[in-house]
Structures are given as C-alpha cells and as structure tokens.
Amino acid sequence: MFFWKTTSGIAALSFAMVLTVSAGCKQSGGGKSSFPVVDIVTSAGTIRAELWPDKAPKTVANFLEYADEGFYDETVFHRCIRGFMIQGGGFTGQLQKKPTRGKIINEADSGLRNVSGTLSMARESAPHSATSQFFINTVDNPKLDHVDTTDAGWGYCVFGQVISGMDVVHAIELAPTVGREAKGMPANPVIIKTIRRVGGPKKPTVAPAKTKTDSPA
C-alpha cells in the first residue's frame with residue numbers, strides 16, 4: 001500500500017506542471033544535453049521527460065533499468081487525481097500488480113522539489129520502499145518534499161521533469177474516474193505503451209564474455 005499527503009490528511013493506496021523548462025534546468029543543476037531523455041508513449045499521447053542522474057543517480061538508474069527491459073510496456077496510469085498528480089508503472093491493464101525488483105534508497109534529500117511537471121517515485125509508507133511506480137506532479141506539491149530523515153519527513157524523490165507533453169499529462173489528469181474520487185482510477189484505462197530512451201547517454205552495453213582458448217602445444 002502506498003501513501004501520500006493531502007490537504008485533508010493521509011490518503012492510502014498505490015501512489016502517487018512544469019514551472020518552465022528553464023526552472024527544471026535550475027533544479028537539476030546541469031546542462032540538458034548530458035541528461036537521459038525518455039519518451040513515455042501513452043494511449044493519450046507522448047510525454048517526453050529529462051532525467052537527472054546528477055541529483056538522483058540510484059533512482060534514475062533504477063527507472064532506466066525498468067524502461068530498458070520493457071517492464072513498463074502495457075502498464076497503466078492507475079491513479080489520476082485532479083490538482084495533484086498522475087501515477088503509474090506498476091499495474092497491467094487488467095490491474096494486476098507486476099512483480100518488481102528490490103526496493104531502492106530514497107534520494108528525496110537532493111534539494112529537488114515536487115513542483116508542477118516533475119517526475120517522482122511512488123513508495124510505501126516506509127521512506128526507502130520505492131520500486132517501479134512513479135508519478136508526475138500536475139501542480140506544486142510542497143507537502144511531498146523532503147523535510148528531515150524521519151519517516152514522516154523523508155518526502156518523495158524527484159528524479160526528472162517533463163520537457164514536452166504537459167498537455168497529455170493534463171488530459172490524463174482530467175480523465176473520468178470510477179469509485180471514490182481519492183482513488184482516482186480512470187474509467188477507461190490509460191495505457192503506457194512504452195518508455196524508451198530518446199536522448200542523452202546511451203544504454204550501457206555489456207561486452208560478451210571471452211571464450212577461453214587452450215595454449216599452443
């Protein structure tokens with residue numbers, strides 16, 4: 001079960017805009033060209049995002065590993081809360097939870113903030129419990145920021161920002177939902193078709209193992 005803070009208290013279940021591109025660059029603290037860029041291709045359109053390994057190296061590496069292996073293909077944005085965020089990357093279109101790798105360290109203490117358009121990691125109530133699920137902030141969410149190292153204060157790790165496709169993000173955010181509004185489950189599935197690298201450093205390649213040969217007689 002994943003948790004987030006809202007103005008009315010704590011809501012439960014799997015968690016969960018751009019200020020400007022220039023504001024995102026200020027947050028990341030580096031040049032755009034050297035950062036990984038991914039396309040999140042959805043049934044509502046394509047969202048392009050820049051990731052910030054200089055600020056959240058373990059988080060970005062984890063996200064890209066899932067993306068490179070095709071884990072996110074045909075998953076869904078299963079929670080869309082108006083005036084808050086859209087969350088996905090953990091469930092199939094039939095709302096079956098996908099098995100994940102181990103939990104990762106929370107890097108929310110990087111100084112990055114959960115402002116509109118940023119990508120952050122969803123997690124359980126324990127600070128260091130994120131796996132594959134992520135969310136995109138559709139407004140500034142300062143209550144999700146790192147405050148201290150207590151369980152309540154750790155916050156949610158920002159690791160990138162949307163650089164194009166916020167219209168798609170908003171369309172997903174405003175999708176009609178079913179059930180209680182706090183759950184934010186789209187009435188019609190919003191499919192993540194693929195997440196793929198389209199810029200920045202290339203996917204690391206692993207050199208083939210050398211074949212052992214006998215020494216000359």
# chains A, B, ... in the order shown; residues from 1 in each chain; ligands from 1

$ residues_around --residues "A:Val38" --least-positions-apart "4" --cutoff "9 Å" --atoms "only C-alpha atoms" --output "list in words"
Ile47, Arg48, Ala49, Glu50, Leu51, Leu64, Ala67, Ile195, Arg196, Arg197, Val198, Gly199 and Gly200 of chain A

$ residues_around --residues "stretch 175-180 of chain A" --least-positions-apart "6" --cutoff "9 Å" --atoms "only C-alpha atoms" --output "count of residues only"
8

$ residues_around --residues "stretch 150-163 of chain A" --least-positions-apart "6" --cutoff "6 Å" --atoms "only C-alpha atoms" --output "MDAnalysis selection string"
chainID A and resid 48:52 56 107:108 117:121 127 144

$ closest_residue --among "A:Ile104, A:Leu174, A:Val139, A:Ile86" --to "A:Glu124" --atoms "only C-alpha atoms"
A:Ile104

$ residues_around --residues "A:Ser132" --least-positions-apart "6" --cutoff "10 Å" --atoms "only C-alpha atoms" --output "VMD selection string"
chain A and resid 59 62 to 63 65 to 67 71 to 72 88 to 91 98 to 104 121 to 123

$ write_last_selection --atoms "N, CA and C atoms" --output "tab-separated table (two decimals), in the first residue's frame"
chain	number	residue	atom	x	y	z
A	59	THR	N	18.05	6.43	-8.29
A	59	THR	CA	16.66	6.45	-8.75
A	59	THR	C	16.59	6.42	-10.27
A	62	ASN	N	17.61	3.03	-11.62
A	62	ASN	CA	16.54	2.07	-11.38
A	62	ASN	C	15.42	2.24	-12.42
A	63	PHE	N	15.00	3.48	-12.64
A	63	PHE	CA	13.94	3.76	-13.61
A	63	PHE	C	14.35	3.32	-15.02
A	65	GLU	N	16.56	1.11	-15.86
A	65	GLU	CA	16.67	-0.35	-15.96
A	65	GLU	C	15.30	-0.96	-16.24
A	66	TYR	N	14.29	-0.49	-15.54
A	66	TYR	CA	12.93	-0.97	-15.81
A	66	TYR	C	12.52	-0.62	-17.24
A	67	ALA	N	12.82	0.62	-17.66
A	67	ALA	CA	12.44	1.05	-19.01
A	67	ALA	C	13.15	0.23	-20.07
A	71	PHE	N	9.80	-3.30	-18.93
A	71	PHE	CA	8.89	-3.55	-17.81
A	71	PHE	C	7.63	-2.69	-17.89
A	72	TYR	N	7.79	-1.42	-18.31
A	72	TYR	CA	6.66	-0.50	-18.31
A	72	TYR	C	5.70	-0.70	-19.48
A	88	GLY	N	1.65	5.85	-12.24
A	88	GLY	CA	1.60	4.60	-12.98
A	88	GLY	C	2.88	3.81	-12.83
A	89	GLY	N	2.98	2.77	-13.71
A	89	GLY	CA	4.21	1.99	-13.76
A	89	GLY	C	4.25	0.77	-12.88
A	90	GLY	N	3.08	0.28	-12.42
A	90	GLY	CA	3.11	-0.88	-11.55
A	90	GLY	C	2.06	-1.93	-11.84
A	91	PHE	N	1.03	-1.56	-12.63
A	91	PHE	CA	-0.09	-2.47	-12.87
A	91	PHE	C	-0.33	-2.66	-14.37
A	98	LYS	N	2.49	-5.98	-11.16
A	98	LYS	CA	3.63	-6.67	-11.74
A	98	LYS	C	4.71	-6.89	-10.69
A	99	PRO	N	5.38	-8.05	-10.72
A	99	PRO	CA	6.49	-8.28	-9.78
A	99	PRO	C	7.66	-7.36	-10.10
A	100	THR	N	8.30	-6.86	-9.07
A	100	THR	CA	9.38	-5.88	-9.25
A	100	THR	C	10.67	-6.37	-8.63
A	101	ARG	N	11.72	-5.62	-8.90
A	101	ARG	CA	12.99	-5.86	-8.22
A	101	ARG	C	12.90	-5.31	-6.80
A	102	GLY	N	14.04	-5.31	-6.09
A	102	GLY	CA	14.05	-4.85	-4.71
A	102	GLY	C	13.80	-3.35	-4.56
A	103	LYS	N	13.54	-2.94	-3.35
A	103	LYS	CA	13.29	-1.54	-3.03
A	103	LYS	C	14.59	-0.74	-3.10
A	104	ILE	N	14.47	0.56	-3.38
A	104	ILE	CA	15.65	1.39	-3.55
A	104	ILE	C	15.74	2.47	-2.47
A	121	MET	N	9.21	9.36	-7.47
A	121	MET	CA	8.96	7.96	-7.20
A	121	MET	C	7.84	7.77	-6.19
A	122	ALA	N	6.90	6.89	-6.52
A	122	ALA	CA	5.89	6.47	-5.56
A	122	ALA	C	6.53	5.43	-4.62
A	123	ARG	N	5.98	5.30	-3.45
A	123	ARG	CA	6.54	4.36	-2.48
A	123	ARG	C	5.49	4.00	-1.44

$ select_by_dssp --residues "stretch 75-207 of chain A" --states "strand (DSSP E)" --output "ChimeraX atom specification"
/A:75-81,85-92,118-121,134-137,158-164,177-178,185-186,191-199

$ write_last_selection --atoms "C-alpha atoms" --output "tab-separated table (two decimals), in the first residue's frame"
chain	number	residue	atom	x	y	z
A	75	THR	CA	1.22	-0.90	-17.85
A	76	VAL	CA	-1.25	1.85	-16.89
A	77	PHE	CA	-1.66	5.15	-15.13
A	78	HIS	CA	-3.85	3.67	-12.45
A	79	ARG	CA	-4.36	6.82	-10.32
A	80	CYS	CA	-5.19	10.25	-11.70
A	81	ILE	CA	-6.01	12.89	-9.07
A	85	MET	CA	-0.68	14.03	-9.80
A	86	ILE	CA	-0.91	11.05	-12.16
A	87	GLN	CA	0.69	7.75	-11.12
A	88	GLY	CA	1.60	4.60	-12.98
A	89	GLY	CA	4.21	1.99	-13.76
A	90	GLY	CA	3.11	-0.88	-11.55
A	91	PHE	CA	-0.09	-2.47	-12.87
A	92	THR	CA	-1.20	-4.12	-16.10
A	118	THR	CA	8.36	16.85	-12.14
A	119	LEU	CA	8.66	13.07	-12.05
A	120	SER	CA	8.91	11.46	-8.63
A	121	MET	CA	8.96	7.96	-7.20
A	134	PHE	CA	6.36	6.80	-10.44
A	135	PHE	CA	4.14	9.85	-10.61
A	136	ILE	CA	4.07	13.20	-12.40
A	137	ASN	CA	3.15	16.23	-10.32
A	158	VAL	CA	12.13	13.89	-7.64
A	159	PHE	CA	14.27	12.50	-10.48
A	160	GLY	CA	13.28	14.37	-13.63
A	161	GLN	CA	10.89	16.75	-15.36
A	162	VAL	CA	8.54	16.77	-18.32
A	163	ILE	CA	10.03	18.80	-21.17
A	164	SER	CA	7.17	18.30	-23.64
A	177	THR	CA	-12.54	8.11	-12.86
A	178	VAL	CA	-14.56	5.40	-11.15
A	185	MET	CA	-8.83	5.14	-11.11
A	186	PRO	CA	-9.56	6.06	-14.75
A	191	ILE	CA	-2.08	2.69	-21.19
A	192	ILE	CA	1.67	3.26	-21.00
A	193	LYS	CA	2.59	1.66	-24.32
A	194	THR	CA	6.36	2.04	-23.91
A	195	ILE	CA	9.02	4.06	-22.12
A	196	ARG	CA	12.19	4.36	-24.18
A	197	ARG	CA	15.39	6.44	-24.18
A	198	VAL	CA	15.46	9.01	-26.98
A	199	GLY	CA	18.37	11.24	-25.94

$ atom_distance --atom1 "atom CA of A:Ala130" --atom2 "atom CA of A:Val37"
21.1 Å

$ select_by_dssp --residues "stretch 24-188 of chain A" --states "alpha helix (DSSP H)" --output "list in words"
Gly24, Cys25, Lys26, Gln27, Ser28, Pro57, Lys58, Thr59, Val60, Ala61, Asn62, Phe63, Leu64, Glu65, Tyr66, Ala67, Asp68, Met166, Asp167, Val168, Val169, His170, Ala171, Ile172 and Glu173 of chain A

$ write_last_selection --atoms "C-alpha atoms" --output "PDB file, in the first residue's frame"
ATOM      1  CA  GLY A  24      13.668  22.480 -14.381  1.00  0.00           C
ATOM      2  CA  CYS A  25      17.214  23.132 -15.546  1.00  0.00           C
ATOM      3  CA  LYS A  26      17.812  25.247 -12.462  1.00  0.00           C
ATOM      4  CA  GLN A  27      16.576  22.406 -10.276  1.00  0.00           C
ATOM      5  CA  SER A  28      18.744  19.816 -11.971  1.00  0.00           C
ATOM      6  CA  PRO A  57      21.631   8.652  -9.511  1.00  0.00           C
ATOM      7  CA  LYS A  58      20.229   5.461  -7.955  1.00  0.00           C
ATOM      8  CA  THR A  59      16.665   6.452  -8.750  1.00  0.00           C
ATOM      9  CA  VAL A  60      17.402   7.284 -12.391  1.00  0.00           C
ATOM     10  CA  ALA A  61      19.422   4.079 -12.838  1.00  0.00           C
ATOM     11  CA  ASN A  62      16.541   2.068 -11.384  1.00  0.00           C
ATOM     12  CA  PHE A  63      13.940   3.758 -13.608  1.00  0.00           C
ATOM     13  CA  LEU A  64      16.037   3.304 -16.749  1.00  0.00           C
ATOM     14  CA  GLU A  65      16.670  -0.351 -15.963  1.00  0.00           C
ATOM     15  CA  TYR A  66      12.930  -0.967 -15.813  1.00  0.00           C
ATOM     16  CA  ALA A  67      12.435   1.049 -19.008  1.00  0.00           C
ATOM     17  CA  ASP A  68      15.256  -0.674 -20.908  1.00  0.00           C
ATOM     18  CA  MET A 166       2.240  18.504 -20.445  1.00  0.00           C
ATOM     19  CA  ASP A 167      -0.996  18.738 -22.441  1.00  0.00           C
ATOM     20  CA  VAL A 168      -1.004  14.931 -22.417  1.00  0.00           C
ATOM     21  CA  VAL A 169      -0.292  14.877 -18.674  1.00  0.00           C
ATOM     22  CA  HIS A 170      -3.261  17.195 -18.076  1.00  0.00           C
ATOM     23  CA  ALA A 171      -5.512  15.133 -20.330  1.00  0.00           C
ATOM     24  CA  ILE A 172      -4.661  12.060 -18.251  1.00  0.00           C
ATOM     25  CA  GLU A 173      -5.119  14.019 -15.025  1.00  0.00           C
TER      26      GLU A 173
END

$ atom_distance --atom1 "atom CA of A:Val41" --atom2 "atom CA of A:Asp109"
29.4 Å

$ closest_residue --among "A:Lys97, A:Arg113, A:Glu74, A:Glu69" --to "A:Thr42" --atoms "only C-alpha atoms"
A:Glu74
